[in-house]
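Just below is one structure, and these are the notes that go with it.
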Amino acid sequence: MQRPEAWPRPHPGEGAAVEAAAAARGVTAQGAGATEPPGLRLQEPSLYTVKAVFILDNDGHRLLAKYYDDTFPSIKEQKAFEKNVFNKTNRTDSEIAFFGGMTIVYKSSIDLFLYVVGSSQENELMLMSVLTCLFDSLNHVLRRNIEKHSFVENMDGAFLVVDEIVDGGVILENDPQQVIQKVNFRVDDSSLSEQSVAQVGTCQKTQHSACGTVPACL
C-alpha cells in the first residue's frame, strides 16, 4: 500500500519570509499561493504516524531499531542517522528535537536512550504518547530496571513491546497496561505451543517403547 505524502509544514517565521519575498517581487501572498496545485497545503490525515523507534546505549550504539518507511533504506544510513541524533540529544534536558526534517521525541534511563521519530509535521503529543507507552511497558517487562544489562537479557520481550505499540508506522496501542496484557498473552501462547509439541513427542516415545518398535517420525 502506498503511503500518503504530506505537504511539508513551514517552520516558524517561514510564512513571513515568503510574504516579504513576494512583496519584493510585487506579488501578493494570495497571488503567490495561486500558482500552487490546489489542495497541496491541506495536509491529509495519515495513519502512518511513526517513522522509526530505536533504543541506544550510552555510547550511541544500537540495541533495538525498527524503521517503518524507506527514509533510510540501508542499515548504514540508519546507524548514521541514529548516531547524529544521539550526538544532538544525549547532553540535553529537552524531550523533543527537530533534526533532518523530522520530529524526534526521546527519553533516557541510566544507560539507555529511547527515541520515537515522526515527520516534521507530525503531532509531538502523539509521538510522546508512543514514547511514554514504550517506556512504561519496558519498565514492567524489565521489572523496573531500565538499563542496558537487563534490556539485553530481555531483548525478545522488548521487541514484542515495540510490535504491540507500533505496526508498520501505525500506532496500535498507547496504553501500557494493554500492551503488557498482549505481550503476556503472546508469551504464554508460545510457551503452551512449545510444551504441547514436547508432550506429543514424549507420548509417542513412551507408547512405542512399550511395544518395542521405533516410530518412523522420531
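Chain labels run A, B, ... following the order of the C-alpha cells; each chain numbers its residues from 1, and ligands are numbered from 1 in the order shown.
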Neighbours of Asp163 (chain A) within 10 Å (only C-alpha atoms; same-chain residues fewer than 6 positions away dropped), as a ChimeraX atom specification?
-> /A:66,157,171-173,179,183
Would you mind exporting the chosen residues as a PDB file, in the first residue's frame, restricted to all heavy atoms?
```
ATOM      1  N   LYS A  66      13.573  -0.188  14.816  1.00  0.00           N
ATOM      2  CA  LYS A  66      12.513  -0.535  13.878  1.00  0.00           C
ATOM      3  C   LYS A  66      12.254   0.690  13.004  1.00  0.00           C
ATOM      4  O   LYS A  66      11.927   1.766  13.510  1.00  0.00           O
ATOM      5  CB  LYS A  66      11.224  -0.899  14.625  1.00  0.00           C
ATOM      6  CG  LYS A  66      11.274  -2.223  15.367  1.00  0.00           C
ATOM      7  CD  LYS A  66      10.796  -3.348  14.479  1.00  0.00           C
ATOM      8  CE  LYS A  66      10.605  -4.635  15.261  1.00  0.00           C
ATOM      9  NZ  LYS A  66       9.993  -5.692  14.457  1.00  0.00           N
ATOM     10  N   GLY A 157      11.421  -9.784  24.796  1.00  0.00           N
ATOM     11  CA  GLY A 157      10.279  -9.075  25.359  1.00  0.00           C
ATOM     12  C   GLY A 157      10.212  -7.635  24.896  1.00  0.00           C
ATOM     13  O   GLY A 157       9.130  -7.098  24.644  1.00  0.00           O
ATOM     14  N   ILE A 171       0.157   3.547  14.896  1.00  0.00           N
ATOM     15  CA  ILE A 171       0.076   3.367  16.347  1.00  0.00           C
ATOM     16  C   ILE A 171      -1.076   2.418  16.661  1.00  0.00           C
ATOM     17  O   ILE A 171      -2.238   2.714  16.370  1.00  0.00           O
ATOM     18  CB  ILE A 171      -0.134   4.712  17.059  1.00  0.00           C
ATOM     19  CG1 ILE A 171       1.023   5.670  16.764  1.00  0.00           C
ATOM     20  CG2 ILE A 171      -0.249   4.492  18.573  1.00  0.00           C
ATOM     21  CD1 ILE A 171       0.831   7.064  17.331  1.00  0.00           C
ATOM     22  N   LEU A 172      -0.750   1.277  17.248  1.00  0.00           N
ATOM     23  CA  LEU A 172      -1.764   0.300  17.612  1.00  0.00           C
ATOM     24  C   LEU A 172      -2.273   0.502  19.031  1.00  0.00           C
ATOM     25  O   LEU A 172      -3.449   0.289  19.315  1.00  0.00           O
ATOM     26  CB  LEU A 172      -1.193  -1.121  17.494  1.00  0.00           C
ATOM     27  CG  LEU A 172      -0.722  -1.570  16.110  1.00  0.00           C
ATOM     28  CD1 LEU A 172      -0.195  -3.002  16.210  1.00  0.00           C
ATOM     29  CD2 LEU A 172      -1.843  -1.487  15.088  1.00  0.00           C
ATOM     30  N   GLU A 173      -1.374   0.899  19.920  1.00  0.00           N
ATOM     31  CA  GLU A 173      -1.749   0.982  21.332  1.00  0.00           C
ATOM     32  C   GLU A 173      -0.869   2.002  22.040  1.00  0.00           C
ATOM     33  O   GLU A 173       0.330   2.077  21.773  1.00  0.00           O
ATOM     34  CB  GLU A 173      -1.573  -0.408  21.986  1.00  0.00           C
ATOM     35  CG  GLU A 173      -2.077  -0.514  23.397  1.00  0.00           C
ATOM     36  CD  GLU A 173      -3.550  -0.198  23.512  1.00  0.00           C
ATOM     37  OE1 GLU A 173      -4.375  -1.013  23.065  1.00  0.00           O
ATOM     38  OE2 GLU A 173      -3.866   0.888  24.051  1.00  0.00           O
ATOM     39  N   VAL A 179      -0.708  -3.131  26.485  1.00  0.00           N
ATOM     40  CA  VAL A 179       0.486  -3.690  25.839  1.00  0.00           C
ATOM     41  C   VAL A 179       1.013  -4.879  26.633  1.00  0.00           C
ATOM     42  O   VAL A 179       1.318  -5.939  26.070  1.00  0.00           O
ATOM     43  CB  VAL A 179       1.583  -2.609  25.692  1.00  0.00           C
ATOM     44  CG1 VAL A 179       2.899  -3.236  25.225  1.00  0.00           C
ATOM     45  CG2 VAL A 179       1.140  -1.538  24.716  1.00  0.00           C
ATOM     46  N   VAL A 183       1.416  -8.723  25.390  1.00  0.00           N
ATOM     47  CA  VAL A 183       2.737  -9.361  25.392  1.00  0.00           C
ATOM     48  C   VAL A 183       2.698 -10.641  26.213  1.00  0.00           C
ATOM     49  O   VAL A 183       3.211 -11.691  25.793  1.00  0.00           O
ATOM     50  CB  VAL A 183       3.806  -8.398  25.945  1.00  0.00           C
ATOM     51  CG1 VAL A 183       5.110  -9.140  26.234  1.00  0.00           C
ATOM     52  CG2 VAL A 183       4.065  -7.267  24.955  1.00  0.00           C
TER      53      VAL A 183
END
```
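Residue nearest Gly118 (chain A), chosen from A:Ile96, A:Val105, A:Val50, A:Leu134 and counting only C-alpha atoms: A:Val50.
Residues lying within 9 Å of region 76-80 of chain A, counting only C-alpha atoms and ignoring same-chain neighbours fewer than 5 positions away, are His61, Arg62, Ala65, Tyr67, Thr71 and Val85 of chain A.
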Selection from above, N, CA, C and O atoms, as a compact mmCIF listing (two decimals), in the first residue's frame, can you write it?
```
# COMPACT_ATOMS: atom_id res chain seq x y z
N HIS A 61 25.37 3.32 20.60
CA HIS A 61 25.31 2.09 19.82
C HIS A 61 23.90 1.52 19.84
O HIS A 61 23.22 1.52 20.87
N ARG A 62 23.47 0.97 18.71
CA ARG A 62 22.12 0.45 18.58
C ARG A 62 21.92 -0.83 19.38
O ARG A 62 22.73 -1.76 19.32
N ALA A 65 16.12 -1.42 16.92
CA ALA A 65 15.68 -0.40 15.95
C ALA A 65 14.61 -0.98 15.05
O ALA A 65 14.72 -2.12 14.59
N TYR A 67 12.40 0.52 11.67
CA TYR A 67 12.11 1.59 10.72
C TYR A 67 10.90 1.19 9.89
O TYR A 67 10.79 0.04 9.44
N THR A 71 12.81 6.08 4.36
CA THR A 71 13.60 7.30 4.51
C THR A 71 15.09 6.98 4.61
O THR A 71 15.94 7.65 4.03
N VAL A 85 21.59 11.72 15.70
CA VAL A 85 20.54 12.05 16.66
C VAL A 85 21.07 11.94 18.09
O VAL A 85 20.81 12.81 18.94
```
Which of region 43-111 of chain A DSSP labels alpha helix (DSSP H), written as number ranges by chain = A: 75-89
Serialized selection, N, CA, C and O atoms, as a PDB file, in the first residue's frame:
```pdb
ATOM      1  N   ILE A  75      20.996  -0.162   6.367  1.00  0.00           N
ATOM      2  CA  ILE A  75      21.394  -0.181   7.779  1.00  0.00           C
ATOM      3  C   ILE A  75      22.472   0.868   8.040  1.00  0.00           C
ATOM      4  O   ILE A  75      22.485   1.508   9.099  1.00  0.00           O
ATOM      5  N   LYS A  76      23.357   1.062   7.068  1.00  0.00           N
ATOM      6  CA  LYS A  76      24.415   2.058   7.228  1.00  0.00           C
ATOM      7  C   LYS A  76      23.830   3.456   7.398  1.00  0.00           C
ATOM      8  O   LYS A  76      24.252   4.234   8.272  1.00  0.00           O
ATOM      9  N   GLU A  77      22.830   3.790   6.583  1.00  0.00           N
ATOM     10  CA  GLU A  77      22.183   5.096   6.690  1.00  0.00           C
ATOM     11  C   GLU A  77      21.411   5.220   8.001  1.00  0.00           C
ATOM     12  O   GLU A  77      21.397   6.290   8.628  1.00  0.00           O
ATOM     13  N   GLN A  78      20.781   4.152   8.413  1.00  0.00           N
ATOM     14  CA  GLN A  78      20.036   4.172   9.673  1.00  0.00           C
ATOM     15  C   GLN A  78      20.969   4.437  10.856  1.00  0.00           C
ATOM     16  O   GLN A  78      20.681   5.284  11.710  1.00  0.00           O
ATOM     17  N   LYS A  79      22.078   3.728  10.886  1.00  0.00           N
ATOM     18  CA  LYS A  79      23.004   3.884  12.009  1.00  0.00           C
ATOM     19  C   LYS A  79      23.661   5.266  12.002  1.00  0.00           C
ATOM     20  O   LYS A  79      23.924   5.833  13.081  1.00  0.00           O
ATOM     21  N   ALA A  80      23.912   5.799  10.821  1.00  0.00           N
ATOM     22  CA  ALA A  80      24.471   7.150  10.745  1.00  0.00           C
ATOM     23  C   ALA A  80      23.463   8.164  11.291  1.00  0.00           C
ATOM     24  O   ALA A  80      23.826   9.100  12.026  1.00  0.00           O
ATOM     25  N   PHE A  81      22.203   7.986  10.944  1.00  0.00           N
ATOM     26  CA  PHE A  81      21.147   8.854  11.460  1.00  0.00           C
ATOM     27  C   PHE A  81      21.047   8.726  12.981  1.00  0.00           C
ATOM     28  O   PHE A  81      20.954   9.735  13.699  1.00  0.00           O
ATOM     29  N   GLU A  82      21.069   7.509  13.488  1.00  0.00           N
ATOM     30  CA  GLU A  82      20.978   7.286  14.929  1.00  0.00           C
ATOM     31  C   GLU A  82      22.144   7.952  15.663  1.00  0.00           C
ATOM     32  O   GLU A  82      21.962   8.547  16.732  1.00  0.00           O
ATOM     33  N   LYS A  83      23.326   7.853  15.100  1.00  0.00           N
ATOM     34  CA  LYS A  83      24.500   8.455  15.736  1.00  0.00           C
ATOM     35  C   LYS A  83      24.390   9.968  15.766  1.00  0.00           C
ATOM     36  O   LYS A  83      24.708  10.617  16.779  1.00  0.00           O
ATOM     37  N   ASN A  84      23.907  10.559  14.671  1.00  0.00           N
ATOM     38  CA  ASN A  84      23.732  12.010  14.623  1.00  0.00           C
ATOM     39  C   ASN A  84      22.680  12.474  15.622  1.00  0.00           C
ATOM     40  O   ASN A  84      22.846  13.499  16.295  1.00  0.00           O
ATOM     41  N   VAL A  85      21.589  11.720  15.700  1.00  0.00           N
ATOM     42  CA  VAL A  85      20.537  12.054  16.661  1.00  0.00           C
ATOM     43  C   VAL A  85      21.068  11.944  18.093  1.00  0.00           C
ATOM     44  O   VAL A  85      20.808  12.809  18.938  1.00  0.00           O
ATOM     45  N   PHE A  86      21.822  10.884  18.359  1.00  0.00           N
ATOM     46  CA  PHE A  86      22.392  10.701  19.694  1.00  0.00           C
ATOM     47  C   PHE A  86      23.317  11.861  20.062  1.00  0.00           C
ATOM     48  O   PHE A  86      23.248  12.401  21.180  1.00  0.00           O
ATOM     49  N   ASN A  87      24.184  12.245  19.135  1.00  0.00           N
ATOM     50  CA  ASN A  87      25.111  13.345  19.406  1.00  0.00           C
ATOM     51  C   ASN A  87      24.379  14.658  19.671  1.00  0.00           C
ATOM     52  O   ASN A  87      24.853  15.501  20.435  1.00  0.00           O
ATOM     53  N   LYS A  88      23.204  14.818  19.075  1.00  0.00           N
ATOM     54  CA  LYS A  88      22.435  16.041  19.240  1.00  0.00           C
ATOM     55  C   LYS A  88      21.638  16.051  20.545  1.00  0.00           C
ATOM     56  O   LYS A  88      21.346  17.120  21.087  1.00  0.00           O
ATOM     57  N   THR A  89      21.316  14.878  21.062  1.00  0.00           N
ATOM     58  CA  THR A  89      20.359  14.814  22.169  1.00  0.00           C
ATOM     59  C   THR A  89      20.912  14.283  23.490  1.00  0.00           C
ATOM     60  O   THR A  89      20.284  14.482  24.532  1.00  0.00           O
TER      61      THR A  89
END
```
Measure the distance from CA of Ser129 (chain A) to CA of Arg186 (chain A) in Å and round it to one decimal.
->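 Taking CA of Ser129 (chain A) as the start and CA of Arg186 (chain A) as the end point, the length is 23.1 Å.
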Those of region 42-202 of chain A in DSSP strand (DSSP E), formatted as a count of residues only = 36
Which one is closest to Ser46 (chain A): A:Gln121, A:Asn90, A:Asn174, A:Gly60? Count only C-alpha atoms.
->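 Between A:Gln121, A:Asn90, A:Asn174, A:Gly60, the residue approaching Ser46 (chain A) most closely is A:Gln121.
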